[in-house]
Amino acid sequence: MTLDVERFVAALASTVLWSLVSIIIVIVVFEVLERRFKLMEEIFQENSVAAAILAGSFVIGIFYAVTQIVVH
């Protein structure tokens, strides 16, 4: 039973670590996009659907890439 608990704790720690890594990467990318292209202004003030889709695709792409790194 102890081995199962150790494996669970190791898997949980790995999940939390990679979740934090992916969230930090998303924050950095979003900040770069915001500073360079004023992304939030485009989305909320100009009501640009294309900018919102671009931002969403970046987030999904980063999470997908991190998931593939963790799985393999």
# chains A, B, ... in the order shown; residues from 1 in each chain; ligands from 1
>>> residues_around(residues="Ile23 of chain A", least_positions_apart="3", cutoff="12 Å", atoms="only C-alpha atoms", output="MDAnalysis selection string")
chainID A and resid 16:20 26:30 59:60 62:64 66:67
>>> write_last_selection(atoms="C-alpha atoms", output="CSV table (one decimal), in the first residue's frame")
chain,number,residue,atom,x,y,z
A,16,VAL,CA,1.0,20.3,-10.3
A,17,LEU,CA,4.5,21.2,-11.5
A,18,TRP,CA,3.6,20.9,-15.2
A,19,SER,CA,0.4,22.8,-14.7
A,20,LEU,CA,2.3,25.6,-13.1
A,26,VAL,CA,0.7,31.2,-21.1
A,27,ILE,CA,1.1,34.3,-18.9
A,28,VAL,CA,4.4,35.2,-20.6
A,29,VAL,CA,3.0,34.7,-24.1
A,30,PHE,CA,-0.1,36.7,-23.3
A,59,VAL,CA,-3.6,29.2,-25.0
A,60,ILE,CA,-4.9,25.9,-26.4
A,62,ILE,CA,0.6,26.0,-25.4
A,63,PHE,CA,-1.5,23.7,-23.2
A,64,TYR,CA,-1.5,21.0,-25.9
A,66,VAL,CA,3.0,20.9,-22.6
A,67,THR,CA,0.6,18.0,-22.5
>>> atom_distance(atom1="atom CA of Ile53 of chain A", atom2="atom CA of Glu31 of chain A")
16.4 Å
>>> residues_around(residues="Ile43 of chain A", least_positions_apart="4", cutoff="12 Å", atoms="only C-alpha atoms", output="list in words")
Leu33, Glu34, Phe37, Lys38, Leu39, Asn47, Ser48, Val49, Ala50, Ala51, Ala52, Ile53, Leu54, Ala55 and Gly56 of chain A
>>> write_last_selection(atoms="N, CA and C atoms", output="short mmCIF file (atom, residue, chain, number, x, y, z; two decimals), in the first residue's frame")
data_model
loop_
_atom_site.label_atom_id
_atom_site.label_comp_id
_atom_site.auth_asym_id
_atom_site.auth_seq_id
_atom_site.Cartn_x
_atom_site.Cartn_y
_atom_site.Cartn_z
N LEU A 33 2.10 39.33 -26.22
CA LEU A 33 1.08 39.73 -27.19
C LEU A 33 0.41 41.03 -26.79
N GLU A 34 0.19 41.21 -25.51
CA GLU A 34 -0.45 42.43 -25.03
C GLU A 34 0.44 43.65 -25.27
N PHE A 37 0.91 43.90 -29.46
CA PHE A 37 -0.26 44.09 -30.31
C PHE A 37 -1.46 44.69 -29.60
N LYS A 38 -1.33 45.01 -28.30
CA LYS A 38 -2.47 45.52 -27.52
C LYS A 38 -3.68 44.60 -27.68
N LEU A 39 -3.45 43.34 -27.37
CA LEU A 39 -4.43 42.29 -27.63
C LEU A 39 -5.74 42.49 -26.85
N ASN A 47 -13.90 44.96 -30.03
CA ASN A 47 -14.76 43.78 -30.20
C ASN A 47 -14.30 42.90 -31.36
N SER A 48 -13.01 42.65 -31.40
CA SER A 48 -12.42 41.87 -32.48
C SER A 48 -12.51 40.37 -32.17
N VAL A 49 -13.35 39.69 -32.90
CA VAL A 49 -13.49 38.25 -32.73
C VAL A 49 -12.22 37.54 -33.19
N ALA A 50 -11.59 38.05 -34.23
CA ALA A 50 -10.36 37.43 -34.74
C ALA A 50 -9.25 37.48 -33.69
N ALA A 51 -9.13 38.58 -32.97
CA ALA A 51 -8.11 38.68 -31.92
C ALA A 51 -8.41 37.72 -30.78
N ALA A 52 -9.68 37.56 -30.45
CA ALA A 52 -10.06 36.62 -29.40
C ALA A 52 -9.77 35.19 -29.80
N ILE A 53 -10.04 34.86 -31.05
CA ILE A 53 -9.74 33.51 -31.55
C ILE A 53 -8.24 33.28 -31.56
N LEU A 54 -7.47 34.28 -31.94
CA LEU A 54 -6.01 34.17 -31.92
C LEU A 54 -5.50 33.92 -30.51
N ALA A 55 -5.99 34.69 -29.55
CA ALA A 55 -5.55 34.51 -28.16
C ALA A 55 -5.93 33.13 -27.65
N GLY A 56 -7.15 32.70 -27.94
CA GLY A 56 -7.58 31.37 -27.50
C GLY A 56 -6.77 30.26 -28.13
#
